[in-house]
>>> print(open('target30.txt').read())   # compact mmCIF, C-alpha atoms
# COMPACT_ATOMS: atom_id res chain seq x y z
CA MET A 1 -23.98 -21.97 -28.68
CA GLN A 2 -23.36 -18.24 -29.01
CA PRO A 3 -26.26 -16.24 -30.57
CA ALA A 4 -25.84 -14.69 -33.98
CA ALA A 5 -24.32 -11.23 -34.00
CA ASN A 6 -27.49 -9.63 -35.34
CA GLN A 7 -29.75 -11.12 -32.67
CA LEU A 8 -31.96 -8.57 -30.93
CA LEU A 9 -30.32 -7.72 -27.63
CA ALA A 10 -32.39 -8.16 -24.49
CA THR A 11 -31.78 -7.18 -20.92
CA THR A 12 -31.34 -9.66 -18.08
CA PRO A 13 -34.22 -9.21 -15.59
CA MET A 14 -32.26 -10.65 -12.64
CA PHE A 15 -29.99 -7.59 -12.73
CA ASP A 16 -32.72 -4.96 -13.28
CA ARG A 17 -32.17 -3.58 -9.79
CA LEU A 18 -28.54 -2.83 -10.57
CA PHE A 19 -28.56 -1.74 -14.20
CA ASN A 20 -31.97 -0.05 -14.26
CA ARG A 21 -31.20 1.65 -10.94
CA GLN A 22 -34.37 0.45 -9.26
CA PRO A 23 -34.87 1.93 -5.76
CA SER A 24 -33.72 -0.23 -2.87
CA ASP A 25 -32.91 0.13 0.80
CA LYS A 26 -29.78 -2.03 0.55
CA PRO A 27 -26.66 -2.03 -1.63
CA PHE A 28 -26.35 -4.57 -4.45
CA LEU A 29 -23.91 -7.23 -3.25
CA ILE A 30 -21.83 -9.68 -5.28
CA SER A 31 -19.87 -12.12 -3.16
CA GLY A 32 -18.02 -15.40 -3.27
CA PRO A 33 -14.51 -16.82 -3.00
CA CYS A 34 -11.55 -15.12 -4.65
CA SER A 35 -10.86 -18.45 -6.37
CA ALA A 36 -12.91 -21.54 -6.99
CA GLU A 37 -10.73 -24.23 -5.40
CA THR A 38 -12.86 -27.36 -5.08
CA GLU A 39 -16.49 -28.16 -5.79
CA SER A 40 -17.30 -28.59 -2.10
CA GLN A 41 -15.64 -25.26 -1.22
CA VAL A 42 -17.63 -23.41 -3.90
CA LEU A 43 -20.95 -25.01 -3.03
CA GLU A 44 -20.64 -24.54 0.73
CA THR A 45 -19.47 -20.95 0.41
CA CYS A 46 -22.28 -20.06 -1.97
CA GLN A 47 -24.98 -21.77 0.09
CA ARG A 48 -23.83 -20.05 3.28
CA LEU A 49 -23.76 -16.71 1.45
CA ALA A 50 -27.29 -17.27 0.18
CA ALA A 51 -28.41 -18.11 3.73
CA THR A 52 -27.43 -14.60 4.88
CA GLY A 53 -30.11 -13.11 2.66
CA LYS A 54 -27.76 -10.24 1.78
CA VAL A 55 -26.30 -11.43 -1.53
CA GLN A 56 -27.77 -10.71 -4.96
CA ALA A 57 -25.15 -12.55 -7.03
CA LEU A 58 -22.38 -15.08 -6.49
CA ARG A 59 -18.82 -14.86 -7.79
CA ALA A 60 -15.69 -16.98 -7.97
CA GLY A 61 -12.39 -16.65 -9.80
CA ILE A 62 -12.02 -19.39 -12.42
CA TRP A 63 -8.94 -18.02 -14.16
CA LYS A 64 -6.50 -16.17 -11.90
CA PRO A 65 -3.85 -14.02 -13.58
CA ARG A 66 -0.58 -13.93 -11.67
CA THR A 67 2.35 -11.55 -11.94
CA LYS A 68 4.79 -14.49 -11.99
CA PRO A 69 4.31 -18.09 -13.16
CA GLY A 70 4.18 -20.90 -10.66
CA GLY A 71 1.40 -19.63 -8.42
CA PHE A 72 -2.18 -20.88 -8.35
CA GLU A 73 -3.77 -19.62 -11.58
CA GLY A 74 -7.24 -21.00 -11.09
CA VAL A 75 -8.90 -24.34 -11.73
CA GLY A 76 -10.05 -23.28 -15.19
CA VAL A 77 -13.11 -24.52 -17.05
CA LYS A 78 -13.75 -27.43 -14.67
CA GLY A 79 -14.88 -24.87 -12.06
CA LEU A 80 -17.73 -23.51 -14.19
CA PRO A 81 -20.06 -26.49 -13.55
CA TRP A 82 -19.50 -25.92 -9.83
CA LEU A 83 -20.79 -22.38 -10.16
CA LYS A 84 -23.69 -23.53 -12.30
CA LYS A 85 -24.64 -26.02 -9.57
CA ALA A 86 -24.28 -23.31 -6.90
CA SER A 87 -26.69 -21.16 -8.87
CA GLU A 88 -29.20 -24.00 -9.11
CA LEU A 89 -28.98 -24.70 -5.37
CA THR A 90 -29.32 -21.07 -4.28
CA GLY A 91 -31.37 -19.49 -7.05
CA LEU A 92 -28.76 -16.73 -7.35
CA PRO A 93 -27.00 -15.64 -10.56
CA VAL A 94 -23.27 -16.19 -10.91
CA ALA A 95 -20.46 -13.90 -12.10
CA VAL A 96 -16.98 -14.70 -13.43
CA GLU A 97 -13.96 -12.63 -14.50
CA VAL A 98 -12.95 -13.00 -18.15
CA ALA A 99 -9.70 -11.97 -19.81
CA THR A 100 -9.89 -13.61 -23.26
CA ALA A 101 -12.43 -14.48 -25.94
CA LYS A 102 -12.07 -18.15 -24.95
CA HIS A 103 -13.04 -17.29 -21.38
CA VAL A 104 -16.17 -15.60 -22.71
CA GLU A 105 -17.06 -18.58 -24.88
CA ASP A 106 -16.64 -20.96 -21.95
CA CYS A 107 -18.81 -18.77 -19.71
CA LEU A 108 -21.53 -18.59 -22.35
CA ALA A 109 -21.43 -22.35 -22.79
CA PHE A 110 -22.02 -22.90 -19.04
CA GLY A 111 -24.68 -20.20 -18.67
CA VAL A 112 -22.73 -17.72 -16.53
CA ASP A 113 -25.09 -14.83 -15.83
CA LEU A 114 -22.62 -11.92 -15.63
CA VAL A 115 -18.96 -11.39 -16.50
CA TRP A 116 -16.51 -8.76 -15.41
CA VAL A 117 -13.29 -7.47 -16.94
CA GLY A 118 -10.40 -7.41 -14.49
CA ALA A 119 -8.03 -4.52 -13.82
CA ARG A 120 -5.11 -6.03 -15.72
CA THR A 121 -7.30 -6.61 -18.78
CA THR A 122 -8.93 -3.18 -18.73
CA GLY A 123 -5.51 -1.65 -19.26
CA ASN A 124 -5.04 -3.58 -22.54
CA PRO A 125 -7.30 -2.27 -25.36
CA PHE A 126 -6.51 -5.31 -27.54
CA SER A 127 -7.77 -7.70 -24.85
CA VAL A 128 -10.87 -5.60 -24.19
CA GLN A 129 -11.70 -5.53 -27.89
CA GLU A 130 -11.30 -9.31 -28.07
CA ILE A 131 -13.76 -9.70 -25.20
CA ALA A 132 -16.16 -7.18 -26.74
CA ASP A 133 -16.14 -9.07 -30.04
CA ALA A 134 -16.83 -12.35 -28.25
CA LEU A 135 -19.79 -10.79 -26.44
CA ARG A 136 -21.28 -9.22 -29.57
CA GLY A 137 -24.87 -10.34 -30.05
CA THR A 138 -25.31 -11.71 -26.53
CA ASP A 139 -27.35 -10.35 -23.63
CA VAL A 140 -24.73 -10.96 -20.93
CA PRO A 141 -24.29 -8.04 -18.49
CA VAL A 142 -20.71 -6.81 -18.08
CA LEU A 143 -18.88 -4.97 -15.31
CA VAL A 144 -15.51 -3.34 -15.94
CA LYS A 145 -12.92 -2.84 -13.21
CA ASN A 146 -10.73 0.23 -13.25
CA PRO A 147 -7.26 -0.29 -14.76
CA ILE A 148 -4.39 -0.93 -12.37
CA HIS A 149 -2.88 2.49 -12.98
CA PRO A 150 -4.91 5.71 -12.52
CA GLU A 151 -5.67 6.33 -16.19
CA LEU A 152 -9.35 7.19 -16.60
CA GLU A 153 -9.24 7.20 -20.39
CA LEU A 154 -8.36 3.49 -20.39
CA TRP A 155 -11.38 2.82 -18.17
CA VAL A 156 -13.66 4.92 -20.36
CA GLY A 157 -12.20 3.34 -23.51
CA ALA A 158 -12.93 -0.18 -22.28
CA LEU A 159 -16.54 0.76 -21.56
CA GLU A 160 -16.90 2.36 -24.99
CA ARG A 161 -15.56 -0.74 -26.75
CA LEU A 162 -18.16 -2.89 -25.00
CA GLN A 163 -20.93 -0.40 -25.73
CA LYS A 164 -20.03 -0.41 -29.42
CA ALA A 165 -20.21 -4.21 -29.37
CA GLY A 166 -23.83 -3.92 -28.26
CA VAL A 167 -23.52 -4.66 -24.55
CA LYS A 168 -26.68 -3.14 -23.08
CA GLN A 169 -26.17 -3.80 -19.37
CA LEU A 170 -22.84 -2.28 -18.52
CA GLY A 171 -21.37 -1.11 -15.22
CA MET A 172 -18.13 -0.27 -13.41
CA ILE A 173 -16.19 -1.70 -10.48
CA HIS A 174 -13.86 0.53 -8.48
CA ARG A 175 -11.07 -1.67 -7.04
CA GLY A 176 -8.42 0.96 -6.35
CA PHE A 177 -5.21 1.89 -8.13
CA SER A 178 -1.54 1.01 -7.91
CA SER A 179 0.29 3.74 -6.00
CA TYR A 180 4.00 3.96 -5.29
CA GLY A 181 4.77 4.03 -1.59
CA ASN A 182 1.17 3.35 -0.55
CA THR A 183 1.01 1.55 2.81
CA ASP A 184 -2.57 1.94 4.06
CA TYR A 185 -4.16 0.03 1.19
CA ARG A 186 -3.29 -2.76 -1.17
CA ASN A 187 -4.60 -0.49 -3.93
CA ALA A 188 -5.15 3.19 -3.16
CA PRO A 189 -8.85 4.11 -3.55
CA MET A 190 -8.13 7.54 -5.09
CA TRP A 191 -11.79 8.40 -4.60
CA HIS A 192 -11.66 11.42 -6.90
CA LEU A 193 -11.24 9.11 -9.90
CA PRO A 194 -14.43 7.02 -9.50
CA ILE A 195 -16.22 10.26 -8.59
CA GLU A 196 -15.10 11.68 -11.93
CA MET A 197 -16.37 8.51 -13.66
CA LYS A 198 -19.73 8.95 -11.95
CA ARG A 199 -19.80 12.54 -13.19
CA ARG A 200 -19.04 11.49 -16.75
CA LEU A 201 -21.36 8.46 -16.74
CA PRO A 202 -24.16 9.33 -14.29
CA ASP A 203 -26.53 6.64 -15.58
CA MET A 204 -24.03 3.78 -15.32
CA PRO A 205 -23.96 1.78 -12.06
CA ILE A 206 -20.72 1.51 -10.12
CA LEU A 207 -19.78 -1.04 -7.47
CA ASN A 208 -16.94 -0.81 -4.98
CA ASP A 209 -14.48 -3.68 -4.40
CA PRO A 210 -13.14 -3.15 -0.86
CA SER A 211 -11.43 -6.56 -0.90
CA HIS A 212 -8.87 -5.45 -3.48
CA ILE A 213 -8.61 -1.91 -2.16
CA CYS A 214 -7.88 -3.03 1.39
CA GLY A 215 -5.99 -6.27 0.92
CA ARG A 216 -6.89 -7.17 4.48
CA ARG A 217 -10.18 -7.95 6.16
CA ASP A 218 -10.01 -5.55 9.14
CA THR A 219 -10.50 -2.43 6.98
CA LEU A 220 -13.22 -3.71 4.64
CA PHE A 221 -16.12 -2.08 6.49
CA GLY A 222 -14.69 1.45 6.41
CA VAL A 223 -14.04 1.38 2.66
CA ALA A 224 -17.41 -0.21 1.90
CA GLN A 225 -19.17 2.44 3.98
CA GLN A 226 -17.25 5.28 2.33
CA ALA A 227 -18.27 3.98 -1.10
CA LEU A 228 -21.93 3.94 -0.09
CA ASP A 229 -21.59 7.46 1.33
CA LEU A 230 -20.37 8.48 -2.14
CA ASP A 231 -23.55 7.02 -3.68
CA PHE A 232 -22.05 3.83 -5.12
CA ASP A 233 -24.67 1.29 -6.12
CA GLY A 234 -23.23 -1.63 -4.23
CA THR A 235 -20.17 -3.69 -3.46
CA MET A 236 -18.23 -6.82 -4.39
CA ILE A 237 -16.62 -8.55 -1.41
CA GLU A 238 -14.75 -11.83 -1.38
CA SER A 239 -15.92 -14.56 0.99
CA HIS A 240 -14.54 -18.01 1.85
CA ILE A 241 -15.57 -20.74 4.27
CA ASP A 242 -11.99 -20.92 5.59
CA PRO A 243 -10.34 -17.58 4.71
CA ASP A 244 -6.99 -18.20 6.40
CA ASN A 245 -6.44 -21.27 4.25
CA ALA A 246 -7.68 -19.84 0.96
CA TRP A 247 -5.51 -20.63 -2.05
CA SER A 248 -5.39 -16.96 -3.07
CA ASP A 249 -5.77 -13.59 -1.29
CA ALA A 250 -6.39 -15.18 2.10
CA LYS A 251 -5.90 -11.97 4.09
CA GLN A 252 -8.74 -10.07 2.42
CA GLN A 253 -11.47 -12.73 2.55
CA ILE A 254 -14.12 -13.18 5.25
CA THR A 255 -16.60 -15.93 6.09
CA PRO A 256 -20.17 -15.69 4.78
CA GLU A 257 -21.45 -15.05 8.29
CA VAL A 258 -18.99 -12.20 8.92
CA LEU A 259 -19.99 -10.78 5.55
CA GLY A 260 -23.66 -10.88 6.48
CA LYS A 261 -22.95 -8.91 9.66
CA LEU A 262 -20.79 -6.39 7.75
CA ILE A 263 -23.55 -5.72 5.23
CA GLU A 264 -26.13 -5.45 8.00
CA ASP A 265 -24.05 -2.79 9.76
CA LEU A 266 -23.57 -0.63 6.66
CA VAL A 267 -25.63 2.56 6.52
CA TRP A 268 -27.30 2.80 3.13
CA ARG A 269 -27.95 6.43 2.29
CA HIS A 270 -29.72 7.84 -0.74
CA GLU A 271 -28.75 10.60 -3.15
CA THR A 272 -31.75 12.77 -2.36
CA THR A 273 -35.12 12.96 -0.61
CA ASP A 274 -38.42 14.75 -1.10
CA LYS A 275 -38.46 16.18 2.44
CA GLU A 276 -39.18 19.90 2.01
CA GLU A 277 -37.19 21.00 5.08
CA TYR A 278 -34.09 19.18 3.84
CA LEU A 279 -34.42 20.47 0.29
CA ASN A 280 -34.83 24.10 1.43
CA ALA A 281 -31.86 23.93 3.81
CA LEU A 282 -29.69 22.28 1.18
CA ALA A 283 -30.65 24.84 -1.46
CA GLY A 284 -29.55 27.66 0.85
CA LEU A 285 -26.21 26.03 1.64
CA ARG A 286 -25.56 25.24 -2.01
CA GLN A 287 -26.18 28.85 -2.93
CA GLN A 288 -23.54 29.84 -0.39
CA ILE A 289 -21.16 27.38 -2.08
CA ASN A 290 -21.97 28.88 -5.48
CA ASN A 291 -21.26 32.39 -4.22
CA LEU A 292 -17.99 31.37 -2.59
CA ASP A 293 -16.88 29.50 -5.71
CA ALA A 294 -17.57 32.60 -7.79
CA GLU A 295 -15.43 34.67 -5.43
CA ILE A 296 -12.60 32.12 -5.57
CA ILE A 297 -12.66 32.14 -9.38
CA GLN A 298 -12.53 35.93 -9.44
CA LEU A 299 -9.61 35.96 -7.00
CA LEU A 300 -7.74 33.32 -9.02
CA GLY A 301 -8.23 35.43 -12.14
CA ARG A 302 -6.74 38.42 -10.36
CA ARG A 303 -3.86 36.29 -9.07
CA MET A 304 -3.02 35.12 -12.60
CA SER A 305 -3.03 38.71 -13.83
CA VAL A 306 -0.38 39.52 -11.22
CA SER A 307 1.58 36.43 -12.30
CA GLU A 308 1.60 37.70 -15.88
CA LYS A 309 2.99 41.05 -14.70
CA ILE A 310 5.72 39.17 -12.80
CA GLY A 311 6.44 37.22 -15.99
CA GLN A 312 6.90 40.48 -17.86
CA TYR A 313 9.43 41.74 -15.29
CA LYS A 314 11.29 38.43 -15.44
CA LYS A 315 11.43 38.66 -19.22
CA GLU A 316 12.77 42.18 -19.15
CA ASN A 317 15.46 41.20 -16.65
CA ASP A 318 16.35 37.77 -18.08
CA ILE A 319 15.12 35.86 -15.02
CA THR A 320 13.94 32.24 -15.23
CA VAL A 321 10.24 31.50 -14.90
CA LEU A 322 10.64 28.63 -12.44
CA GLN A 323 12.12 29.49 -9.06
CA THR A 324 12.05 26.50 -6.71
CA ALA A 325 12.75 28.51 -3.56
CA ARG A 326 9.71 30.67 -4.27
CA LEU A 327 7.50 27.59 -4.76
CA ASN A 328 8.65 26.15 -1.42
CA GLU A 329 7.94 29.47 0.25
CA ILE A 330 4.41 29.55 -1.20
CA LEU A 331 3.69 25.96 -0.15
CA ASP A 332 5.01 26.39 3.39
CA ARG A 333 2.98 29.53 4.00
CA ALA A 334 -0.17 28.01 2.48
CA LYS A 335 0.12 24.89 4.63
CA ARG A 336 0.43 26.99 7.80
CA GLN A 337 -2.56 29.10 6.85
CA GLY A 338 -4.54 26.06 5.78
CA SER A 339 -4.01 24.27 9.08
CA GLN A 340 -5.44 27.29 10.88
CA VAL A 341 -8.77 26.91 9.04
CA GLY A 342 -8.96 23.11 9.13
CA LEU A 343 -7.62 22.29 5.66
CA SER A 344 -5.52 19.17 5.30
CA GLU A 345 -1.89 19.59 4.32
CA ASP A 346 -2.35 17.20 1.40
CA PHE A 347 -5.25 19.24 -0.03
CA VAL A 348 -3.42 22.54 0.34
CA GLU A 349 -0.32 21.14 -1.33
CA ARG A 350 -2.23 19.73 -4.31
CA TYR A 351 -4.26 22.94 -4.68
CA MET A 352 -1.28 25.27 -4.51
CA GLU A 353 0.74 23.12 -6.90
CA ALA A 354 -2.09 23.38 -9.44
CA VAL A 355 -2.25 27.16 -8.95
CA HIS A 356 1.51 27.47 -9.29
CA LEU A 357 1.51 25.35 -12.47
CA GLU A 358 -1.09 27.65 -14.05
CA SER A 359 0.98 30.65 -12.99
CA VAL A 360 4.13 29.19 -14.58
CA GLN A 361 2.25 28.48 -17.81
CA ARG A 362 0.98 32.07 -17.91
CA GLN A 363 4.51 33.39 -17.42
CA GLU A 364 5.82 31.07 -20.14
CA LYS A 365 3.35 32.60 -22.59
CA VAL A 366 4.59 36.07 -21.62
CA MET A 367 8.18 34.94 -22.19
CA GLN A 368 7.35 33.61 -25.63
CA GLY A 369 5.09 36.50 -26.61
>>> encode(input="target30.txt", output="structure tokens")
Amino acid sequence: MQPAANQLLATTPMFDRLFNRQPSDKPFLISGPCSAETESQVLETCQRLAATGKVQALRAGIWKPRTKPGGFEGVGVKGLPWLKKASELTGLPVAVEVATAKHVEDCLAFGVDLVWVGARTTGNPFSVQEIADALRGTDVPVLVKNPIHPELELWVGALERLQKAGVKQLGMIHRGFSSYGNTDYRNAPMWHLPIEMKRRLPDMPILNDPSHICGRRDTLFGVAQQALDLDFDGTMIESHIDPDNAWSDAKQQITPEVLGKLIEDLVWRHETTDKEEYLNALAGLRQQINNLDAEIIQLLGRRMSVSEKIGQYKKENDITVLQTARLNEILDRAKRQGSQVGLSEDFVERYMEAVHLESVQRQEKVMQG
């Protein structure tokens, strides 16, 4: 039975390490099959995962949203007792994805320890609000995956809706974003977006989901390691006793034993240290960065002043603000110069496009002034 809405909210001790950011020498790991298929599959997978000693929580997809009807959409509620039994056998908490209020109610009824909101659901404020209302007055921890498309405000909005519903233990999952023409990943990581979320919400834990970013098992380690290097709090990786014959997302799943080795090989770094030599060296280098940034800002200010003068000449001579040939000339030259000092072509292009956009906007103001 769901607690009354005005019940005093408590925290869940089993997740203190994650949500209270307790120090650890290993990442927080949630693992289990993409989909719960049969009771024996769930129990064997979970017991073998527990035997690795690397897993802090178990997961399995109970309801599986599909782009088109006809595919395997999960076993539904009958899979929840399997997870409950897996928890009893291993002593580990269990996590399930929810997309509706009914999903939440079913999870509460079967004692699911943690729920997460999937990428498709995060992008729908109505669905998130429905879930938030269903969770009101409970003490269930919640993780929210980024939306499918790179829209940070949707991600932030979903978190805010859950916070306003009284969810006390709240975190994020970075699972990558849909990207046109992307070939290296199933979902492009776009690392600058979770980094921005960490900047905005520094006290909220964030996990990485390399399974959905990669879409294939051979690149899982590299993505998981990069996330840890960026100070993520842990990872969620899918595991199956027979990955090649999994009923969903077979290519991205690995056996519990392979998972254990992957986690063992990860290098778990920390945000800072109290070593005086390191702190002094870092302080000196950071001051150099500060000085260089100040110089760059001053130079950009001077550049925009010149752009405004150009805008004035264009206005006086009835010349358009945007000149595509000039933009191509600027980009080509910048890329050549950037390559000479070790800057990637992609970075130079994005930087110069931002500078050019600001320049155009300055000239537009001159035109309209």
>>> closest_residue(input="target30.txt", among="A:Val360, A:Phe221, A:Leu152, A:Lys54", to="Thr324 (chain A)", atoms="only C-alpha atoms")
A:Val360
>>> atom_distance(input="target30.txt", atom1="CA of Ser211 (chain A)", atom2="CA of Gly32 (chain A)")
11.3 Å
>>> residues_near_point(input="target30.txt", point="(2.4, 11.2, -6.1)", cutoff="12 Å", atoms="all atoms listed in the file", output="MDAnalysis selection string")
chainID A and resid 150 178:182 188 190 346 349:350
>>> closest_residue(input="target30.txt", among="A:Val117, A:Arg136, A:Glu345, A:Lys315", to="Lys365 (chain A)", atoms="only C-alpha atoms")
A:Lys315
>>> closest_atom_pairs(input="target30.txt", of="region 112-223 of chain A", to="region 56-62 of chain A", cutoff="12 Å", atoms="only C-alpha atoms", output="Markdown table")
| residue | atom | partner | partner_atom | distance |
| --- | --- | --- | --- | --- |
| A:Val112 | CA | A:Arg59 | CA | 10.0 |
| A:Asp113 | CA | A:Ala57 | CA | 9.1 |
| A:Leu114 | CA | A:Ala57 | CA | 9.0 |
| A:Val115 | CA | A:Arg59 | CA | 9.4 |
| A:Trp116 | CA | A:Arg59 | CA | 10.0 |
| A:Val117 | CA | A:Gly61 | CA | 11.7 |
| A:Gly118 | CA | A:Gly61 | CA | 10.6 |
>>> closest_residue(input="target30.txt", among="A:Cys214, A:Ile237, A:Leu135, A:Val167", to="Ile30 (chain A)", atoms="all atoms listed in the file")
A:Ile237
>>> residues_around(input="target30.txt", residues="Leu207 (chain A)", least_positions_apart="5", cutoff="8 Å", atoms="only C-alpha atoms", output="ChimeraX atom specification")
/A:171-174,232-236
>>> atom_distance(input="target30.txt", atom1="CA of Ala36 (chain A)", atom2="CA of Ala101 (chain A)")
20.2 Å
>>> closest_residue(input="target30.txt", among="A:Leu327, A:Ile131, A:Leu262, A:Gln41", to="Leu357 (chain A)", atoms="all atoms listed in the file")
A:Leu327
>>> closest_residue(input="target30.txt", among="A:Thr122, A:Gln340, A:Ser307, A:Gln312", to="Val144 (chain A)", atoms="all atoms listed in the file")
A:Thr122
>>> atom_distance(input="target30.txt", atom1="CA of Ala250 (chain A)", atom2="CA of Asp209 (chain A)")
15.5 Å
>>> closest_residue(input="target30.txt", among="A:Gly157, A:Pro69, A:Gly284, A:Pro243", to="Arg217 (chain A)", atoms="all atoms listed in the file")
A:Pro243
>>> residues_near_point(input="target30.txt", point="(9.6, 30.4, -13.4)", cutoff="8 Å", atoms="all atoms listed in the file", output="compact mmCIF listing (two decimals) with C-alpha atoms, keeping the file's coordinate frame")
# COMPACT_ATOMS: atom_id res chain seq x y z
CA GLY A 311 6.44 37.22 -15.99
CA ILE A 319 15.12 35.86 -15.02
CA THR A 320 13.94 32.24 -15.23
CA VAL A 321 10.24 31.50 -14.90
CA LEU A 322 10.64 28.63 -12.44
CA GLN A 323 12.12 29.49 -9.06
CA VAL A 360 4.13 29.19 -14.58
CA GLN A 363 4.51 33.39 -17.42
CA GLU A 364 5.82 31.07 -20.14
>>> residues_around(input="target30.txt", residues="region 16-21 of chain A", least_positions_apart="3", cutoff="7 Å", atoms="only C-alpha atoms", output="mmCIF file with C-alpha atoms, in the coordinates of the input")
data_model
loop_
_atom_site.group_PDB
_atom_site.id
_atom_site.type_symbol
_atom_site.label_atom_id
_atom_site.label_comp_id
_atom_site.auth_asym_id
_atom_site.auth_seq_id
_atom_site.Cartn_x
_atom_site.Cartn_y
_atom_site.Cartn_z
ATOM 1 C CA THR A 12 -31.340 -9.660 -18.080
ATOM 2 C CA PRO A 13 -34.220 -9.210 -15.590
ATOM 3 C CA PHE A 28 -26.350 -4.570 -4.450
ATOM 4 C CA GLN A 169 -26.170 -3.800 -19.370
ATOM 5 C CA PRO A 205 -23.960 1.780 -12.060
#
>>> decode(input="target30.txt", residues="region 290-307 of chain A", atoms="C-alpha atoms", output="PDB file, in the first residue's frame")
ATOM      1  CA  ASN A 290      42.998  32.165 -15.642  1.00  0.00           C
ATOM      2  CA  ASN A 291      45.500  34.592 -17.143  1.00  0.00           C
ATOM      3  CA  LEU A 292      45.170  33.116 -20.627  1.00  0.00           C
ATOM      4  CA  ASP A 293      41.371  33.159 -20.406  1.00  0.00           C
ATOM      5  CA  ALA A 294      41.483  36.831 -19.449  1.00  0.00           C
ATOM      6  CA  GLU A 295      43.656  37.565 -22.474  1.00  0.00           C
ATOM      7  CA  ILE A 296      41.304  35.635 -24.774  1.00  0.00           C
ATOM      8  CA  ILE A 297      38.289  37.574 -23.463  1.00  0.00           C
ATOM      9  CA  GLN A 298      40.080  40.874 -24.015  1.00  0.00           C
ATOM     10  CA  LEU A 299      41.032  39.869 -27.565  1.00  0.00           C
ATOM     11  CA  LEU A 300      37.470  38.746 -28.323  1.00  0.00           C
ATOM     12  CA  GLY A 301      36.193  42.102 -27.089  1.00  0.00           C
ATOM     13  CA  ARG A 302      38.585  43.875 -29.436  1.00  0.00           C
ATOM     14  CA  ARG A 303      37.560  41.589 -32.300  1.00  0.00           C
ATOM     15  CA  MET A 304      33.880  42.417 -31.780  1.00  0.00           C
ATOM     16  CA  SER A 305      34.683  46.132 -31.791  1.00  0.00           C
ATOM     17  CA  VAL A 306      36.249  45.696 -35.227  1.00  0.00           C
ATOM     18  CA  SER A 307      33.181  43.714 -36.343  1.00  0.00           C
TER      19      SER A 307
END
